[in-house]
Each structure stands twice: as structure tokens, then as C-alpha cells.
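Participant: structure.cif is reproduced in full below (mmCIF, C-alpha atoms, pLDDT in the B column; chains and numbers go by the auth columns).
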```cif
data_final
#
loop_
_atom_site.group_PDB
_atom_site.id
_atom_site.type_symbol
_atom_site.label_atom_id
_atom_site.label_comp_id
_atom_site.label_asym_id
_atom_site.label_seq_id
_atom_site.Cartn_x
_atom_site.Cartn_y
_atom_site.Cartn_z
_atom_site.B_iso_or_equiv
_atom_site.auth_seq_id
_atom_site.auth_asym_id
ATOM 1 C CA MET A 1 66.431 104.232 102.254 64.00 1 A
ATOM 2 C CA ALA A 2 66.696 102.055 99.150 86.00 2 A
ATOM 3 C CA THR A 3 66.831 98.265 99.185 88.00 3 A
ATOM 4 C CA SER A 4 70.034 96.447 98.340 91.00 4 A
ATOM 5 C CA GLY A 5 68.337 94.906 95.300 91.00 5 A
ATOM 6 C CA GLU A 6 67.451 98.317 93.853 92.00 6 A
ATOM 7 C CA ILE A 7 70.960 99.652 94.344 95.00 7 A
ATOM 8 C CA ALA A 8 72.554 96.489 92.939 95.00 8 A
ATOM 9 C CA GLU A 9 70.486 96.801 89.750 96.00 9 A
ATOM 10 C CA ILE A 10 71.500 100.443 89.262 97.00 10 A
ATOM 11 C CA LEU A 11 75.192 99.735 89.857 97.00 11 A
ATOM 12 C CA SER A 12 75.111 96.736 87.514 96.00 12 A
ATOM 13 C CA GLN A 13 73.487 98.710 84.706 96.00 13 A
ATOM 14 C CA GLU A 14 75.492 101.897 85.060 95.00 14 A
ATOM 15 C CA LEU A 15 78.941 100.388 85.696 95.00 15 A
ATOM 16 C CA GLY A 16 78.572 97.608 83.141 94.00 16 A
ATOM 17 C CA MET A 17 79.088 94.820 85.674 95.00 17 A
ATOM 18 C CA THR A 18 77.094 91.618 86.074 96.00 18 A
ATOM 19 C CA MET A 19 74.674 91.394 88.983 97.00 19 A
ATOM 20 C CA GLY A 20 76.711 88.460 90.265 97.00 20 A
ATOM 21 C CA ALA A 21 79.883 90.551 90.438 97.00 21 A
ATOM 22 C CA VAL A 22 78.104 93.487 92.085 97.00 22 A
ATOM 23 C CA GLN A 23 76.575 91.195 94.711 95.00 23 A
ATOM 24 C CA PHE A 24 79.902 89.416 95.259 97.00 24 A
ATOM 25 C CA TYR A 25 81.522 92.733 96.178 97.00 25 A
ATOM 26 C CA ALA A 26 78.538 93.545 98.395 96.00 26 A
ATOM 27 C CA GLN A 27 78.947 90.329 100.377 96.00 27 A
ATOM 28 C CA ALA A 28 82.605 91.104 101.059 97.00 28 A
ATOM 29 C CA MET A 29 81.584 94.567 102.264 97.00 29 A
ATOM 30 C CA ARG A 30 78.835 93.144 104.501 95.00 30 A
ATOM 31 C CA ASP A 31 81.258 90.679 106.052 96.00 31 A
ATOM 32 C CA ALA A 32 83.553 93.602 106.888 97.00 32 A
ATOM 33 C CA GLY A 33 80.722 95.640 108.411 95.00 33 A
ATOM 34 C CA LEU A 34 80.792 98.282 105.649 96.00 34 A
ATOM 35 C CA LEU A 35 77.356 97.484 104.228 95.00 35 A
ATOM 36 C CA THR A 36 74.073 96.987 106.089 90.00 36 A
ATOM 37 C CA LYS A 37 72.998 93.360 106.329 84.00 37 A
ATOM 38 C CA GLY A 38 69.475 92.113 105.644 66.00 38 A
ATOM 39 C CA GLY A 39 67.382 89.263 104.322 50.00 39 A
ATOM 40 C CA ARG A 40 65.140 88.890 101.308 54.00 40 A
ATOM 41 C CA GLY A 41 61.717 90.305 100.458 47.00 41 A
ATOM 42 C CA LEU A 42 60.299 92.447 103.260 44.00 42 A
ATOM 43 C CA ALA A 43 63.433 91.711 105.294 47.00 43 A
ATOM 44 C CA ALA A 44 65.759 93.074 102.593 55.00 44 A
ATOM 45 C CA ALA A 45 68.376 95.520 103.812 62.00 45 A
ATOM 46 C CA HIS A 46 67.517 99.203 103.452 79.00 46 A
ATOM 47 C CA LEU A 47 70.661 101.107 102.644 92.00 47 A
ATOM 48 C CA THR A 48 71.820 104.525 103.796 94.00 48 A
ATOM 49 C CA VAL A 49 73.816 107.102 101.846 96.00 49 A
ATOM 50 C CA ALA A 50 76.952 105.806 103.584 96.00 50 A
ATOM 51 C CA ASP A 51 76.141 102.224 102.511 96.00 51 A
ATOM 52 C CA VAL A 52 75.629 103.208 98.882 97.00 52 A
ATOM 53 C CA SER A 53 78.801 105.319 98.887 97.00 53 A
ATOM 54 C CA ASN A 54 80.826 102.399 100.270 98.00 54 A
ATOM 55 C CA TRP A 55 79.411 100.015 97.657 98.00 55 A
ATOM 56 C CA LEU A 56 80.163 102.425 94.805 97.00 56 A
ATOM 57 C CA LEU A 57 83.697 102.957 96.117 97.00 57 A
ATOM 58 C CA ALA A 58 84.273 99.207 96.339 97.00 58 A
ATOM 59 C CA LEU A 59 83.339 98.691 92.697 96.00 59 A
ATOM 60 C CA CYS A 60 85.362 101.670 91.474 95.00 60 A
ATOM 61 C CA VAL A 61 88.617 101.438 93.432 95.00 61 A
ATOM 62 C CA SER A 62 89.178 97.733 94.096 95.00 62 A
ATOM 63 C CA GLU A 63 90.240 95.150 91.537 92.00 63 A
ATOM 64 C CA THR A 64 88.927 92.254 93.657 95.00 64 A
ATOM 65 C CA ALA A 65 86.083 91.757 96.119 97.00 65 A
ATOM 66 C CA ALA A 66 88.480 90.344 98.692 97.00 66 A
ATOM 67 C CA ALA A 67 90.525 93.545 98.738 95.00 67 A
ATOM 68 C CA ALA A 68 87.490 95.851 98.630 97.00 68 A
ATOM 69 C CA PRO A 69 87.052 96.482 102.396 97.00 69 A
ATOM 70 C CA GLU A 70 90.679 97.572 102.840 94.00 70 A
ATOM 71 C CA GLU A 71 90.639 99.647 99.649 94.00 71 A
ATOM 72 C CA VAL A 72 87.395 101.364 100.656 96.00 72 A
ATOM 73 C CA ASN A 73 88.600 102.192 104.166 95.00 73 A
ATOM 74 C CA LEU A 74 91.818 103.703 102.817 93.00 74 A
ATOM 75 C CA THR A 75 90.059 105.614 100.050 95.00 75 A
ATOM 76 C CA ARG A 76 87.332 106.997 102.322 96.00 76 A
ATOM 77 C CA GLU A 77 90.062 108.672 104.408 95.00 77 A
ATOM 78 C CA ALA A 78 91.878 110.140 101.389 95.00 78 A
ATOM 79 C CA ALA A 79 92.420 113.768 102.378 95.00 79 A
ATOM 80 C CA PHE A 80 91.625 116.880 100.339 97.00 80 A
ATOM 81 C CA ASP A 81 94.796 118.119 98.647 94.00 81 A
ATOM 82 C CA PRO A 82 94.722 121.926 98.247 94.00 82 A
ATOM 83 C CA ALA A 83 97.989 121.902 96.278 93.00 83 A
ATOM 84 C CA THR A 84 96.449 120.026 93.341 92.00 84 A
ATOM 85 C CA SER A 85 92.867 121.281 93.679 95.00 85 A
ATOM 86 C CA THR A 86 91.177 124.373 92.266 93.00 86 A
ATOM 87 C CA VAL A 87 87.911 125.357 93.934 94.00 87 A
ATOM 88 C CA LEU A 88 86.187 128.254 92.140 91.00 88 A
ATOM 89 C CA LYS A 89 83.364 129.643 94.284 91.00 89 A
ATOM 90 C CA ASP A 90 81.360 131.019 91.374 88.00 90 A
ATOM 91 C CA VAL A 91 81.431 127.588 89.729 92.00 91 A
ATOM 92 C CA SER A 92 80.477 125.448 92.746 94.00 92 A
ATOM 93 C CA ARG A 93 78.270 127.909 94.658 93.00 93 A
ATOM 94 C CA GLY A 94 75.249 126.220 96.238 95.00 94 A
ATOM 95 C CA LEU A 95 76.755 122.721 96.583 97.00 95 A
ATOM 96 C CA ASN A 96 77.754 121.256 99.936 98.00 96 A
ATOM 97 C CA VAL A 97 80.187 118.811 98.339 98.00 97 A
ATOM 98 C CA THR A 98 82.891 121.477 98.159 97.00 98 A
ATOM 99 C CA SER A 99 83.163 121.424 101.968 97.00 99 A
ATOM 100 C CA ALA A 100 84.357 117.787 101.922 98.00 100 A
ATOM 101 C CA LYS A 101 87.645 117.084 103.686 98.00 101 A
ATOM 102 C CA THR A 102 87.938 113.445 102.601 98.00 102 A
ATOM 103 C CA ALA A 103 86.995 111.379 99.560 97.00 103 A
ATOM 104 C CA GLY A 104 84.362 109.533 101.589 97.00 104 A
ATOM 105 C CA GLU A 105 82.720 112.813 102.550 98.00 105 A
ATOM 106 C CA ALA A 106 82.836 114.019 98.937 98.00 106 A
ATOM 107 C CA ILE A 107 80.972 110.983 97.590 98.00 107 A
ATOM 108 C CA GLU A 108 78.327 111.197 100.314 98.00 108 A
ATOM 109 C CA LEU A 109 77.874 114.975 100.049 98.00 109 A
ATOM 110 C CA LEU A 110 77.556 114.837 96.256 98.00 110 A
ATOM 111 C CA MET A 111 74.828 112.225 96.663 97.00 111 A
ATOM 112 C CA ARG A 112 73.080 114.324 99.324 97.00 112 A
ATOM 113 C CA ASP A 113 73.286 117.399 97.091 98.00 113 A
ATOM 114 C CA MET A 114 71.336 115.395 94.515 97.00 114 A
ATOM 115 C CA ILE A 115 68.871 113.916 97.011 97.00 115 A
ATOM 116 C CA ASP A 116 68.037 117.347 98.453 97.00 116 A
ATOM 117 C CA GLY A 117 67.745 119.068 95.059 97.00 117 A
ATOM 118 C CA ARG A 118 70.811 121.287 95.415 97.00 118 A
ATOM 119 C CA PHE A 119 72.506 119.731 92.389 97.00 119 A
ATOM 120 C CA ARG A 120 69.491 120.432 90.168 96.00 120 A
ATOM 121 C CA ASP A 121 69.341 124.011 91.459 96.00 121 A
ATOM 122 C CA TRP A 122 73.084 124.346 90.752 95.00 122 A
ATOM 123 C CA GLN A 123 72.568 123.185 87.182 93.00 123 A
ATOM 124 C CA GLY A 124 69.902 125.845 86.704 91.00 124 A
ATOM 125 C CA GLN A 125 71.997 128.751 87.910 87.00 125 A
ATOM 126 C CA LYS A 126 73.080 131.423 85.438 77.00 126 A
ATOM 127 C CA PRO A 127 76.317 130.814 83.490 70.00 127 A
ATOM 128 C CA VAL A 128 79.508 131.665 85.331 74.00 128 A
ATOM 129 C CA ALA A 129 82.053 134.301 84.347 76.00 129 A
ATOM 130 C CA VAL A 130 84.469 133.875 81.449 76.00 130 A
ATOM 131 C CA PRO A 131 87.738 132.154 82.483 76.00 131 A
ATOM 132 C CA THR A 132 90.779 134.295 83.084 75.00 132 A
ATOM 133 C CA GLU A 133 93.949 133.684 81.091 71.00 133 A
ATOM 134 C CA SER A 134 95.440 131.721 83.996 66.00 134 A
ATOM 135 C CA GLU A 135 92.529 129.290 84.145 68.00 135 A
ATOM 136 C CA SER A 136 92.256 126.206 82.003 63.00 136 A
ATOM 137 C CA TRP A 137 89.179 125.830 79.790 62.00 137 A
ATOM 138 C CA HIS A 138 87.924 123.610 77.046 65.00 138 A
ATOM 139 C CA LEU A 139 84.953 123.110 74.715 60.00 139 A
ATOM 140 C CA GLY A 140 82.411 120.352 74.551 67.00 140 A
ATOM 141 C CA ILE A 141 80.372 120.614 77.769 78.00 141 A
ATOM 142 C CA LEU A 142 76.873 121.944 77.099 81.00 142 A
ATOM 143 C CA ILE A 143 75.311 121.600 80.562 88.00 143 A
ATOM 144 C CA PRO A 144 76.694 121.813 84.119 92.00 144 A
ATOM 145 C CA THR A 145 78.014 118.403 85.108 94.00 145 A
ATOM 146 C CA ALA A 146 79.912 116.462 87.749 96.00 146 A
ATOM 147 C CA VAL A 147 82.450 113.710 87.095 95.00 147 A
ATOM 148 C CA VAL A 148 84.311 111.650 89.697 96.00 148 A
ATOM 149 C CA GLU A 149 87.525 109.848 88.752 95.00 149 A
ATOM 150 C CA PHE A 150 88.712 106.888 90.808 95.00 150 A
ATOM 151 C CA VAL A 151 92.270 105.614 90.371 91.00 151 A
ATOM 152 C CA VAL A 152 91.940 101.827 90.550 89.00 152 A
ATOM 153 C CA SER A 153 93.986 100.414 93.442 84.00 153 A
ATOM 154 C CA GLY A 154 95.752 103.751 93.423 80.00 154 A
ATOM 155 C CA GLN A 155 96.206 106.800 95.534 83.00 155 A
ATOM 156 C CA SER A 156 93.568 109.383 94.616 91.00 156 A
ATOM 157 C CA VAL A 157 89.969 110.351 93.868 96.00 157 A
ATOM 158 C CA SER A 158 89.143 113.490 91.876 96.00 158 A
ATOM 159 C CA LEU A 159 85.870 115.393 91.611 97.00 159 A
ATOM 160 C CA HIS A 160 85.290 117.821 88.723 96.00 160 A
ATOM 161 C CA LEU A 161 82.342 120.247 88.678 96.00 161 A
ATOM 162 C CA SER A 162 82.149 121.892 85.253 92.00 162 A
ATOM 163 C CA LYS A 163 79.991 124.752 84.018 90.00 163 A
ATOM 164 C CA PRO A 164 79.795 126.284 80.532 86.00 164 A
ATOM 165 C CA THR A 165 79.984 130.052 80.054 81.00 165 A
ATOM 166 C CA GLU A 166 77.920 132.175 77.695 77.00 166 A
ATOM 167 C CA ALA A 167 80.953 132.269 75.370 74.00 167 A
ATOM 168 C CA GLY A 168 80.988 128.461 75.091 73.00 168 A
ATOM 169 C CA ARG A 169 84.001 127.970 77.321 81.00 169 A
ATOM 170 C CA VAL A 170 84.022 125.848 80.447 86.00 170 A
ATOM 171 C CA ARG A 171 85.129 126.596 83.974 88.00 171 A
ATOM 172 C CA THR A 172 85.841 123.749 86.366 91.00 172 A
ATOM 173 C CA THR A 173 86.164 123.287 90.099 94.00 173 A
ATOM 174 C CA SER A 174 88.488 120.332 90.660 95.00 174 A
ATOM 175 C CA MET A 175 88.925 118.652 94.042 97.00 175 A
ATOM 176 C CA ARG A 176 91.565 115.969 94.493 96.00 176 A
ATOM 177 C CA PHE A 177 91.717 113.647 97.479 96.00 177 A
ATOM 178 C CA VAL A 178 94.996 111.824 98.076 92.00 178 A
ATOM 179 C CA ARG A 179 95.089 108.482 99.792 86.00 179 A
ATOM 180 C CA VAL A 180 97.744 107.515 102.311 73.00 180 A
ATOM 181 C CA ASP A 181 98.466 103.807 102.294 63.00 181 A
ATOM 182 C CA PRO A 182 100.219 102.825 105.541 55.00 182 A
ATOM 183 C CA MET A 183 102.102 100.065 103.749 51.00 183 A
ATOM 184 C CA PHE A 184 102.818 102.380 100.808 45.00 184 A
ATOM 185 C CA LYS A 185 101.827 99.678 98.370 45.00 185 A
ATOM 186 C CA MET A 186 101.916 101.240 94.943 43.00 186 A
ATOM 187 C CA ARG A 187 100.862 97.898 93.439 41.00 187 A
ATOM 188 C CA MET A 188 103.059 98.229 90.356 39.00 188 A
ATOM 189 C CA LYS A 189 102.951 95.176 88.144 41.00 189 A
ATOM 190 C CA THR A 190 105.943 93.467 86.574 43.00 190 A
ATOM 191 C CA VAL A 191 105.486 93.474 82.819 42.00 191 A
ATOM 192 C CA THR A 192 106.376 90.232 81.079 46.00 192 A
ATOM 193 C CA ASP A 193 104.117 90.460 78.039 49.00 193 A
ATOM 194 C CA TRP A 194 103.395 93.951 76.716 43.00 194 A
ATOM 195 C CA ASN A 195 100.614 92.599 74.514 51.00 195 A
ATOM 196 C CA SER A 196 98.648 91.195 77.432 45.00 196 A
ATOM 197 C CA ARG A 197 95.692 93.078 78.971 44.00 197 A
ATOM 198 C CA SER A 198 97.471 93.075 82.335 43.00 198 A
ATOM 199 C CA SER A 199 100.642 94.707 81.064 41.00 199 A
ATOM 200 C CA LEU A 200 99.711 98.197 82.284 42.00 200 A
ATOM 201 C CA SER A 201 100.157 99.256 85.881 45.00 201 A
ATOM 202 C CA SER A 202 96.860 99.378 87.767 42.00 202 A
ATOM 203 C CA LEU A 203 97.779 102.950 88.660 44.00 203 A
ATOM 204 C CA THR A 204 97.075 103.996 85.072 58.00 204 A
ATOM 205 C CA ARG A 205 93.503 102.713 85.194 82.00 205 A
ATOM 206 C CA ILE A 206 90.808 105.211 86.060 88.00 206 A
ATOM 207 C CA ASN A 207 87.090 104.610 86.533 93.00 207 A
ATOM 208 C CA ARG A 208 85.107 107.717 85.600 94.00 208 A
ATOM 209 C CA VAL A 209 81.607 108.049 87.014 95.00 209 A
ATOM 210 C CA GLY A 210 79.294 110.720 85.635 94.00 210 A
ATOM 211 C CA PRO A 211 76.278 112.422 87.202 94.00 211 A
ATOM 212 C CA ARG A 212 73.759 109.892 85.834 95.00 212 A
ATOM 213 C CA VAL A 213 75.067 107.218 88.227 96.00 213 A
ATOM 214 C CA PHE A 214 74.805 109.503 91.242 97.00 214 A
ATOM 215 C CA GLU A 215 71.407 110.809 90.113 96.00 215 A
ATOM 216 C CA ARG A 216 69.946 107.304 89.813 97.00 216 A
ATOM 217 C CA LEU A 217 71.337 106.285 93.196 97.00 217 A
ATOM 218 C CA ALA A 218 70.031 109.517 94.735 97.00 218 A
ATOM 219 C CA ASP A 219 66.588 108.963 93.178 96.00 219 A
ATOM 220 C CA ALA A 220 66.419 105.473 94.709 95.00 220 A
ATOM 221 C CA LEU A 221 67.404 106.790 98.130 94.00 221 A
ATOM 222 C CA ARG A 222 65.012 109.761 97.891 90.00 222 A
ATOM 223 C CA SER A 223 61.982 107.779 96.709 77.00 223 A
ATOM 224 C CA SER A 224 62.487 105.248 99.493 56.00 224 A
ATOM 225 C CA ASP A 225 62.613 108.040 102.075 51.00 225 A
ATOM 226 C CA ASP A 226 59.488 109.644 100.560 51.00 226 A
ATOM 227 C CA GLY A 227 57.661 106.337 100.677 44.00 227 A
ATOM 228 C CA ALA A 228 58.607 105.784 104.297 42.00 228 A
ATOM 229 C CA SER A 229 57.454 109.274 105.296 40.00 229 A
ATOM 230 C CA HIS A 230 54.062 108.817 103.574 37.00 230 A
ATOM 231 C CA ALA A 231 53.593 105.426 105.211 36.00 231 A
ATOM 232 C CA SER A 232 54.131 106.884 108.664 37.00 232 A
ATOM 233 C CA ARG A 233 51.383 109.517 108.223 38.00 233 A
#
```
Kindly present the structure from the file in C-alpha cells form.

Facilitator:
Amino acid sequence: MATSGEIAEILSQELGMTMGAVQFYAQAMRDAGLLTKGGRGLAAAHLTVADVSNWLLALCVSETAAAAPEEVNLTREAAFDPATSTVLKDVSRGLNVTSAKTAGEAIELLMRDMIDGRFRDWQGQKPVAVPTESESWHLGILIPTAVVEFVVSGQSVSLHLSKPTEAGRVRTTSMRFVRVDPMFKMRMKTVTDWNSRSSLSSLTRINRVGPRVFERLADALRSSDDGASHASR
């Protein structure tokens, strides 16, 4: 398990947020019981995969630290939507993340796929078949990759697993998880000044997180586990 300081540094660097902001969100999550508490130095909190997933969700889906616990709880339960998802077995074969039923499970399983080496094995698999005419494809992806899109204060989380073919096309498994807000708060903003930065609805804002973020978080969690196992021998 990684320390909170290690995870905070990674999140700050990769998401482009100050350490102060990252820690501010963390405190709100700790107060709500969604992040493991701890002290400093040797007493620093050692975080689990669930802790790290909750912290990442807080920073990606909530506009304020105060709202983060509620936003995270709602987003974690966002259910897999088969109507807007396309899961191609030959694209995602070997990854456990495709068995996720909720957005919370998807984030944790993707991280575990990286911790356990399944994601690296998946990247090394042979190219997948050429897309059929009914499948969408595009150019530009040279290596297998994973991207997660978080709608800020919105209603969904999307996971895209993309693999290039020998012909230079790309096939993608897309999983969408739709959030159900009991108060049905769409959080639309009233526009008074179209030139202001706040003129757009928060629903149009998406935070995209690539594999590097998950890989660095997974490395921190894995190395901590390895260190603990060696120390116990």
C-alpha cells in the first residue's frame, strides 16, 4: 500500500493541480470516511486501491472539495450501460476491467489490471482483427491504450480501450457508466456573460485521464506491497 504523500505527489503532477488543492480534497474525503486516515512520517496513512480510486474520482468529478464525498459516492455507483457501450472481446481479452458493473469497480479493476501485470500483457498481445464496416475506427493510436473520461459534476464515466490493427486502423472497446442522481440535479448554470470562463454548463466539461496516471498510481501501490512482503520475510 502506498503512502498518502506518494499518491498526492503523483496526482498533483499528473492532473496539474497544486499539492494544496489535492490535499484539500483528501481531507474532505477523510472526514467522510472515504479515505484512510493517518499521521505523518512512519504513522502516515497507507492507502488501498479503493482509497486511491476514491481520491482520483474526487479530483476528476467534483468541482469543489466540499461536494467531493457526495459526488464520489454517486459516481462509484454509476451502472454499466449496455445500450451505449461496445465491448469487443478480441480487443479487451485478458483484462478484468471489462467485468465491471459500476464506475467504481471499473476504476479499481483497471488499476488492479496494471498492478498485476495484465495491462502490460494486454498491450503486448498481437494486433486485433480489422474493423468491420459497422464499427467505428480512426487513425493516430500507435500502441494499445486506455483512456477514462469523467464528466465533471455530470452523469457518466466512460472507459475506452483502444488497439491498433496491422492496417493502421483502431478498434475500441467502450464502456459507459451512467450515474443516477436521486435529486436529479443536472447542475446547469445560468449564463449571464458568455465571455466568462463559467459560461459553459459543467456538463460539457470532461476530465480525460490516460494510462500514465493509472500506471504511476499502480506502480506506487505495487512497490509498497512488494516492500511490505520483503520486510515480512

Participant: Determine the nearest neighbour of Arg179 in chain A from the options A:Thr84, A:Thr75, A:Ser162, A:Gln123, counting all atoms listed in the file.

Facilitator: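 For Arg179 in chain A, the nearest of the given residues is A:Thr75.
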
Participant: For the PyMOL selection byres ((chain A and resi 143-158) around 8), applied here, can you spell out every residue it catches as a PyMOL selection string?

Facilitator: chain A and resi 60-63+71+75+78+103+122-123+141-142+159-164+174-181+186-187+202-211

Participant: Could the residues in this selection be written to a file with C-alpha atoms, as an mmCIF file, keeping the file's coordinate frame?

Facilitator:
```
data_model
loop_
_atom_site.group_PDB
_atom_site.id
_atom_site.type_symbol
_atom_site.label_atom_id
_atom_site.label_comp_id
_atom_site.auth_asym_id
_atom_site.auth_seq_id
_atom_site.Cartn_x
_atom_site.Cartn_y
_atom_site.Cartn_z
ATOM 1 C CA CYS A 60 85.362 101.670 91.474
ATOM 2 C CA VAL A 61 88.617 101.438 93.432
ATOM 3 C CA SER A 62 89.178 97.733 94.096
ATOM 4 C CA GLU A 63 90.240 95.150 91.537
ATOM 5 C CA GLU A 71 90.639 99.647 99.649
ATOM 6 C CA THR A 75 90.059 105.614 100.050
ATOM 7 C CA ALA A 78 91.878 110.140 101.389
ATOM 8 C CA ALA A 103 86.995 111.379 99.560
ATOM 9 C CA TRP A 122 73.084 124.346 90.752
ATOM 10 C CA GLN A 123 72.568 123.185 87.182
ATOM 11 C CA ILE A 141 80.372 120.614 77.769
ATOM 12 C CA LEU A 142 76.873 121.944 77.099
ATOM 13 C CA LEU A 159 85.870 115.393 91.611
ATOM 14 C CA HIS A 160 85.290 117.821 88.723
ATOM 15 C CA LEU A 161 82.342 120.247 88.678
ATOM 16 C CA SER A 162 82.149 121.892 85.253
ATOM 17 C CA LYS A 163 79.991 124.752 84.018
ATOM 18 C CA PRO A 164 79.795 126.284 80.532
ATOM 19 C CA SER A 174 88.488 120.332 90.660
ATOM 20 C CA MET A 175 88.925 118.652 94.042
ATOM 21 C CA ARG A 176 91.565 115.969 94.493
ATOM 22 C CA PHE A 177 91.717 113.647 97.479
ATOM 23 C CA VAL A 178 94.996 111.824 98.076
ATOM 24 C CA ARG A 179 95.089 108.482 99.792
ATOM 25 C CA VAL A 180 97.744 107.515 102.311
ATOM 26 C CA ASP A 181 98.466 103.807 102.294
ATOM 27 C CA MET A 186 101.916 101.240 94.943
ATOM 28 C CA ARG A 187 100.862 97.898 93.439
ATOM 29 C CA SER A 202 96.860 99.378 87.767
ATOM 30 C CA LEU A 203 97.779 102.950 88.660
ATOM 31 C CA THR A 204 97.075 103.996 85.072
ATOM 32 C CA ARG A 205 93.503 102.713 85.194
ATOM 33 C CA ILE A 206 90.808 105.211 86.060
ATOM 34 C CA ASN A 207 87.090 104.610 86.533
ATOM 35 C CA ARG A 208 85.107 107.717 85.600
ATOM 36 C CA VAL A 209 81.607 108.049 87.014
ATOM 37 C CA GLY A 210 79.294 110.720 85.635
ATOM 38 C CA PRO A 211 76.278 112.422 87.202
#
```

Participant: Of the residues A:Arg222, A:Arg171, A:Arg76, A:Lys101, which is the one nearest to Ser53 in chain A, using all atoms listed in the file?

Facilitator: A:Arg76

Participant: Could you check which of A:Leu47, A:Leu88, A:Leu74, A:Leu59 is closest to Val22 in chain A, using only C-alpha atoms?

Facilitator: A:Leu59

Participant: Taking all atoms listed in the file into account, which of A:Thr18, A:Asp121, A:Asn96, A:Glu133 comes nearest Leu109 in chain A?

Facilitator: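 Of A:Thr18, A:Asp121, A:Asn96, A:Glu133, the one nearest Leu109 in chain A, counting all atoms listed in the file, is A:Asn96.
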
Participant: Would you write out, as a PDB file with C-alpha atoms, keeping the file's coordinate frame, every residue that the PyMOL selection byres ((chain A and resi 218) around 9) captures in this file?

Facilitator:
```pdb
ATOM      1  CA  VAL A  49      73.816 107.102 101.846  1.00 96.00           C
ATOM      2  CA  MET A 111      74.828 112.225  96.663  1.00 97.00           C
ATOM      3  CA  ARG A 112      73.080 114.324  99.324  1.00 97.00           C
ATOM      4  CA  ASP A 113      73.286 117.399  97.091  1.00 98.00           C
ATOM      5  CA  MET A 114      71.336 115.395  94.515  1.00 97.00           C
ATOM      6  CA  ILE A 115      68.871 113.916  97.011  1.00 97.00           C
ATOM      7  CA  ASP A 116      68.037 117.347  98.453  1.00 97.00           C
ATOM      8  CA  VAL A 213      75.067 107.218  88.227  1.00 96.00           C
ATOM      9  CA  PHE A 214      74.805 109.503  91.242  1.00 97.00           C
ATOM     10  CA  GLU A 215      71.407 110.809  90.113  1.00 96.00           C
ATOM     11  CA  ARG A 216      69.946 107.304  89.813  1.00 97.00           C
ATOM     12  CA  LEU A 217      71.337 106.285  93.196  1.00 97.00           C
ATOM     13  CA  ASP A 219      66.588 108.963  93.178  1.00 96.00           C
ATOM     14  CA  ALA A 220      66.419 105.473  94.709  1.00 95.00           C
ATOM     15  CA  LEU A 221      67.404 106.790  98.130  1.00 94.00           C
ATOM     16  CA  ARG A 222      65.012 109.761  97.891  1.00 90.00           C
ATOM     17  CA  SER A 223      61.982 107.779  96.709  1.00 77.00           C
TER      18      SER A 223
END
```

Participant: Rank A:Met19, A:Leu110, A:Ala68, A:Ala79 by their smallest atom-to-atom distance to Gly94 in chain A, using all atoms listed in the file, and report the top residue only.

Facilitator: A:Leu110

Participant: Using the file's own x, y and z axes, so that the box edges lie along x, y and z, what centre and edge lengths in Å (one decimal) does a box around every listed atom of range 43-58 of chain A get when 8 Å is added on each side? Give it as lines of an AutoDock Vina configuration file.

Facilitator:
```
center_x = 73.9
center_y = 99.4
center_z = 100.0
size_x = 36.8
size_y = 31.4
size_z = 26.5
```

Participant: Between A:Ala26, A:Thr3, A:Phe80, A:Thr98, which residue has the minimum interatomic distance to Asn54 in chain A, considering all atoms listed in the file?

Facilitator: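 Of A:Ala26, A:Thr3, A:Phe80, A:Thr98, the one nearest Asn54 in chain A, counting all atoms listed in the file, is A:Ala26.
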
Participant: So what do you get for CA of Ala66 in chain A versus CA of Gly20 in chain A, distance-wise?

Facilitator: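 Pair CA of Ala66 in chain A / CA of Gly20 in chain A returns 14.6 Å.
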
Participant: Check which residues satisfy the PyMOL selection byres ((chain A and resi 28-34) around 10) in the file shown, then give them as a compact mmCIF listing (two decimals) with C-alpha atoms, in the coordinates of the input.

Facilitator:
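out_22.txt, written as the output of this step:
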```
# COMPACT_ATOMS: atom_id res chain seq x y z
CA GLN A 23 76.58 91.20 94.71
CA PHE A 24 79.90 89.42 95.26
CA TYR A 25 81.52 92.73 96.18
CA ALA A 26 78.54 93.54 98.40
CA GLN A 27 78.95 90.33 100.38
CA LEU A 35 77.36 97.48 104.23
CA THR A 36 74.07 96.99 106.09
CA LYS A 37 73.00 93.36 106.33
CA GLY A 38 69.47 92.11 105.64
CA ALA A 50 76.95 105.81 103.58
CA ASP A 51 76.14 102.22 102.51
CA VAL A 52 75.63 103.21 98.88
CA SER A 53 78.80 105.32 98.89
CA ASN A 54 80.83 102.40 100.27
CA TRP A 55 79.41 100.02 97.66
CA ALA A 58 84.27 99.21 96.34
CA THR A 64 88.93 92.25 93.66
CA ALA A 65 86.08 91.76 96.12
CA ALA A 66 88.48 90.34 98.69
CA ALA A 67 90.52 93.54 98.74
CA ALA A 68 87.49 95.85 98.63
CA PRO A 69 87.05 96.48 102.40
CA GLU A 70 90.68 97.57 102.84
CA VAL A 72 87.40 101.36 100.66
CA ASN A 73 88.60 102.19 104.17
```
